[in-house]
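input_14.csv follows (CSV, C-alpha atoms):
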```
chain,number,residue,atom,x,y,z
A,15,MET,CA,114.8,82.7,100.3
A,16,ILE,CA,111.0,83.0,100.1
A,17,ASP,CA,109.0,80.0,101.3
A,18,LEU,CA,105.7,81.2,100.0
A,19,VAL,CA,102.4,79.9,101.2
A,20,ILE,CA,99.2,80.9,99.4
A,21,ARG,CA,96.0,80.3,101.4
A,22,LYS,CA,92.5,81.6,101.7
A,23,ALA,CA,92.2,84.6,103.9
A,24,LYS,CA,90.5,84.4,107.3
A,25,GLU,CA,88.7,87.2,109.1
A,26,GLU,CA,91.5,87.6,111.5
A,27,ASP,CA,93.9,88.4,108.6
A,28,CYS,CA,92.0,91.4,107.5
A,29,LYS,CA,93.5,93.9,110.0
A,30,ILE,CA,97.0,93.1,108.7
A,31,LEU,CA,95.8,93.1,105.1
A,32,SER,CA,94.6,96.7,105.6
A,33,ILE,CA,98.0,97.7,106.8
A,34,ILE,CA,99.7,95.9,103.9
A,35,LYS,CA,97.4,97.7,101.4
A,36,GLN,CA,98.2,101.1,102.9
A,37,LYS,CA,102.0,100.3,102.8
A,38,VAL,CA,101.7,99.3,99.1
A,39,TRP,CA,99.7,102.4,98.3
A,40,LEU,CA,102.4,104.6,99.8
A,41,THR,CA,105.2,102.9,97.9
A,42,THR,CA,103.3,102.7,94.6
A,43,TYR,CA,100.7,105.3,94.2
A,44,ARG,CA,102.1,108.6,95.5
A,45,GLY,CA,101.7,111.0,92.6
A,46,ILE,CA,99.0,108.9,91.0
A,47,TYR,CA,96.3,108.8,93.8
A,48,ASP,CA,95.4,112.0,95.6
A,49,ASP,CA,97.7,112.7,98.5
A,50,SER,CA,94.6,113.0,100.7
A,51,ASP,CA,93.6,109.4,99.9
A,52,LEU,CA,97.0,108.2,100.9
A,53,ASP,CA,97.5,110.4,103.9
A,54,ASN,CA,94.0,109.8,105.3
A,55,TYR,CA,93.9,106.1,104.7
A,56,ASP,CA,91.0,104.6,106.8
A,57,TYR,CA,92.3,101.2,108.2
A,58,LEU,CA,89.0,100.1,109.6
A,59,TYR,CA,87.1,100.9,106.4
A,60,HIS,CA,89.5,98.7,104.4
A,61,GLU,CA,89.6,96.0,107.0
A,62,ASN,CA,85.8,95.7,106.8
A,63,LYS,CA,86.0,95.7,103.0
A,64,PHE,CA,88.4,92.7,103.2
A,65,LYS,CA,86.0,90.9,105.6
A,66,SER,CA,83.2,91.4,103.1
A,67,LYS,CA,85.3,89.8,100.3
A,68,LEU,CA,86.7,86.7,102.0
A,69,ASP,CA,85.3,84.3,99.5
A,70,GLU,CA,87.8,85.6,96.8
A,71,LEU,CA,90.7,86.8,99.0
A,72,TYR,CA,94.0,84.9,99.4
A,73,VAL,CA,97.0,85.8,101.5
A,74,LEU,CA,100.6,85.4,100.8
A,75,GLU,CA,102.8,84.2,103.7
A,76,ASN,CA,106.5,83.8,104.2
A,77,ASP,CA,107.7,82.3,107.5
A,78,ASN,CA,104.2,82.7,109.0
A,79,LYS,CA,104.2,86.5,108.2
A,80,LEU,CA,101.7,88.0,105.8
A,81,ILE,CA,103.6,89.7,103.0
A,82,GLY,CA,100.8,90.4,100.5
A,83,TYR,CA,97.5,89.3,99.1
A,84,PHE,CA,95.4,88.9,96.0
A,85,SER,CA,91.8,88.8,95.2
A,86,PHE,CA,90.5,86.6,92.4
A,87,GLY,CA,86.8,86.2,91.5
A,88,ILE,CA,83.9,88.0,90.1
A,89,PRO,CA,84.9,91.3,88.6
A,90,ARG,CA,84.1,94.4,90.7
A,91,HIS,CA,83.6,96.3,87.5
A,92,LYS,CA,82.0,94.5,84.6
A,93,TYR,CA,84.2,94.1,81.5
A,94,LEU,CA,82.8,92.5,78.4
A,95,ASP,CA,81.7,88.9,79.1
A,96,TYR,CA,84.5,88.1,81.6
A,97,THR,CA,83.3,86.2,84.7
A,98,HIS,CA,86.7,86.3,86.6
A,99,CYS,CA,89.2,89.0,87.4
A,100,ILE,CA,92.2,89.6,89.5
A,101,ASN,CA,90.7,92.4,91.6
A,102,SER,CA,93.9,93.1,93.4
A,103,LEU,CA,97.5,91.9,93.8
A,104,TYR,CA,99.5,93.6,96.4
A,105,ILE,CA,103.0,92.5,97.6
A,106,LEU,CA,105.1,94.4,100.1
A,107,LYS,CA,107.9,96.3,98.3
A,108,GLU,CA,110.6,94.4,100.2
A,109,TYR,CA,109.3,91.1,98.8
A,110,GLN,CA,108.8,92.1,95.2
A,111,GLY,CA,111.1,90.7,92.6
A,112,ASN,CA,111.4,87.3,94.3
A,113,GLY,CA,109.0,85.3,92.0
A,114,ILE,CA,106.0,85.7,94.3
A,115,GLY,CA,103.8,87.3,91.6
A,116,ARG,CA,104.7,84.5,89.2
A,117,LYS,CA,103.6,82.0,91.8
A,118,VAL,CA,100.4,83.8,92.2
A,119,PHE,CA,99.8,83.6,88.5
A,120,GLU,CA,100.6,79.8,88.5
A,121,TYR,CA,98.1,79.4,91.3
A,122,ILE,CA,95.4,81.4,89.5
A,123,ASN,CA,96.1,79.5,86.2
A,124,LYS,CA,95.8,76.2,87.9
A,125,TYR,CA,92.5,77.3,89.6
A,126,CYS,CA,91.2,78.3,86.2
A,127,LEU,CA,92.2,75.0,84.6
A,128,ASP,CA,90.6,73.0,87.5
A,129,ASN,CA,87.4,75.1,87.2
A,130,LYS,CA,87.2,75.3,83.4
A,131,ILE,CA,87.6,79.1,83.4
A,132,GLU,CA,88.9,80.0,79.9
A,133,LYS,CA,89.8,83.7,80.5
A,134,TYR,CA,90.2,86.4,83.0
A,135,PHE,CA,91.4,89.9,83.2
A,136,VAL,CA,93.1,92.4,85.5
A,137,ASN,CA,93.0,96.2,85.6
A,138,CYS,CA,96.3,98.1,86.0
A,139,ASN,CA,96.7,101.8,86.6
A,140,LYS,CA,98.1,103.4,83.5
A,141,TYR,CA,100.9,105.1,85.5
A,142,ASN,CA,102.0,102.0,87.4
A,143,ASP,CA,104.7,101.0,85.0
A,144,LYS,CA,106.2,98.3,87.2
A,145,ALA,CA,102.9,96.4,87.6
A,146,LEU,CA,102.1,96.9,83.9
A,147,GLY,CA,105.4,95.4,82.9
A,148,PHE,CA,104.8,92.4,85.2
A,149,TYR,CA,101.3,91.7,83.9
A,150,LEU,CA,102.6,91.8,80.3
A,151,LYS,CA,105.5,89.5,81.3
A,152,MET,CA,102.9,87.1,82.7
A,153,GLY,CA,101.4,86.8,79.2
A,154,GLY,CA,98.6,89.4,79.4
A,155,ILE,CA,97.4,91.4,76.4
A,156,ILE,CA,96.3,95.0,76.8
A,157,THR,CA,92.9,95.2,75.2
A,158,ASN,CA,91.5,98.5,76.4
A,159,LEU,CA,92.5,101.7,78.1
A,160,ASP,CA,90.0,103.8,80.1
A,161,ASP,CA,91.6,107.2,80.7
A,162,THR,CA,88.5,109.4,80.3
A,163,SER,CA,88.4,110.4,84.0
A,164,ASP,CA,90.0,113.6,85.3
A,165,SER,CA,91.6,111.5,88.0
A,166,LYS,CA,94.9,109.7,87.2
A,167,ALA,CA,93.9,107.1,89.8
A,168,ALA,CA,91.0,106.0,87.5
A,169,HIS,CA,93.1,105.6,84.3
A,170,GLN,CA,93.1,101.8,83.8
A,171,PHE,CA,94.5,99.4,81.3
A,172,TYR,CA,92.5,96.2,80.8
A,173,ILE,CA,94.8,93.2,80.5
A,174,GLU,CA,93.4,89.9,79.4
A,175,TYR,CA,94.6,86.3,79.9
A,176,LYS,CA,93.3,83.3,78.0
A,177,ARG,CA,94.1,79.6,78.5
A,178,SER,CA,95.6,78.0,75.4
```
As structure tokens, please, write out the structure in this file.
Amino acid sequence: MIDLVIRKAKEEDCKILSIIKQKVWLTTYRGIYDDSDLDNYDYLYHENKFKSKLDELYVLENDNKLIGYFSFGIPRHKYLDYTHCINSLYILKEYQGNGIGRKVFEYINKYCLDNKIEKYFVNCNKYNDKALGFYLKMGGIITNLDDTSDSKAAHQFYIEYKRS
């Protein structure tokens, strides 16, 4: 059974988060991202990126072990008039399907209610069928598709959430 703890990330978490990101990329994005991006993953680069985004970074813990993370805050890429975005949501494969993602959405929705945030969005890679199904199951509505790039990695659905 998963005893999930959601908390703000600390600087000392960032090395493990970099490892988690690489593991999720390998199990999710082979065939979507360039193999060289997956095979030449730069742990230190991603660790430092995490450190620069601590204000919007949250870790997912089970039994004092980091099993995933999400980032919620100012969109990294502007989309319409949205002020908030799930910039990332990564859960190790062996923990997926246990209600963790649903708990993340409950956490985000409560945060939005408490902070009077009426809407937010998430980008999802067009070819990541599992994530897309999950985001739609959580009540999201696809409102845009950007697939103009030559790179499959850049083909993104925009999925919006609004408080009712």
**Request:** Identify which of the residues A:Gly113, A:Met152, A:Asp143, A:Cys138 lies closest to A:Phe171, counting only C-alpha atoms when measuring atom-to-atom distances.
**Result:**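 Nearest candidate to A:Phe171 out of A:Gly113, A:Met152, A:Asp143, A:Cys138: A:Cys138.
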Can you list every residue of stretch 20-73 of chain A that has an atom at most 6 Å from stretch 80-94 of chain A, with its nearest atom pair and the distance in Å to one decimal, using all atoms listed in the file, ordered by chain then number, as a tab-separated table?
```
residue	atom	partner	partner_atom	distance
A:Glu70	CA	A:Phe86	CA	5.3
A:Leu71	CA	A:Ser85	CA	4.4
A:Tyr72	CA	A:Phe84	CA	5.4
A:Val73	CA	A:Tyr83	CA	4.3
```
**Request:** May I ask for the distance between atom CA of A:Glu26 and atom CA of A:Tyr59, given in Å to one decimal place?
**Result:**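 That distance, rounded to one decimal, is 14.9 Å.
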Closest atom pairs, stretch 111-156 of chain A residues within 9 Å of stretch 164-167 of chain A, only C-alpha atoms, as JSON lines:
```
{"residue": "A:Asn139", "atom": "CA", "partner": "A:Ala167", "partner_atom": "CA", "distance": 6.8}
{"residue": "A:Lys140", "atom": "CA", "partner": "A:Lys166", "partner_atom": "CA", "distance": 8.0}
{"residue": "A:Tyr141", "atom": "CA", "partner": "A:Lys166", "partner_atom": "CA", "distance": 7.7}
```
**Request:** Identify, on the basis of all atoms listed in the file, every residue whose closest approach to A:Tyr175 does not exceed 8 Å; exclude the query and any residue fewer than 2 positions from it along the same chain; express the result as a ChimeraX atom specification.
**Result:** /A:133-135,153-155,173,177
**Item:** Nearest residue to A:Tyr125 from the set A:Lys107, A:His98, A:Lys67, A:Lys79 (distances using only C-alpha atoms)
**Value:**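 Selected residue with least distance to A:Tyr125: A:His98.
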**Asked** Of the candidates A:Leu40, A:Leu52, A:Val118, A:Leu103, which one gets nearest to A:Val19 if we count all atoms listed in the file?
**Response** A:Val118
**Asked** Quick one, how far is atom CA of A:Glu75 from atom CA of A:Gln170?
**Response**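 Straight-line distance from atom CA of A:Glu75 to atom CA of A:Gln170 works out to 28.3 Å.
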**Request:** Return the single residue from A:Ser102, A:Asn142, A:Asn123, A:Asn78 that is closest to A:Ile46, with distances computed using all atoms listed in the file.
**Result:**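 Ranking A:Ser102, A:Asn142, A:Asn123, A:Asn78 by distance to A:Ile46, first place goes to A:Asn142.
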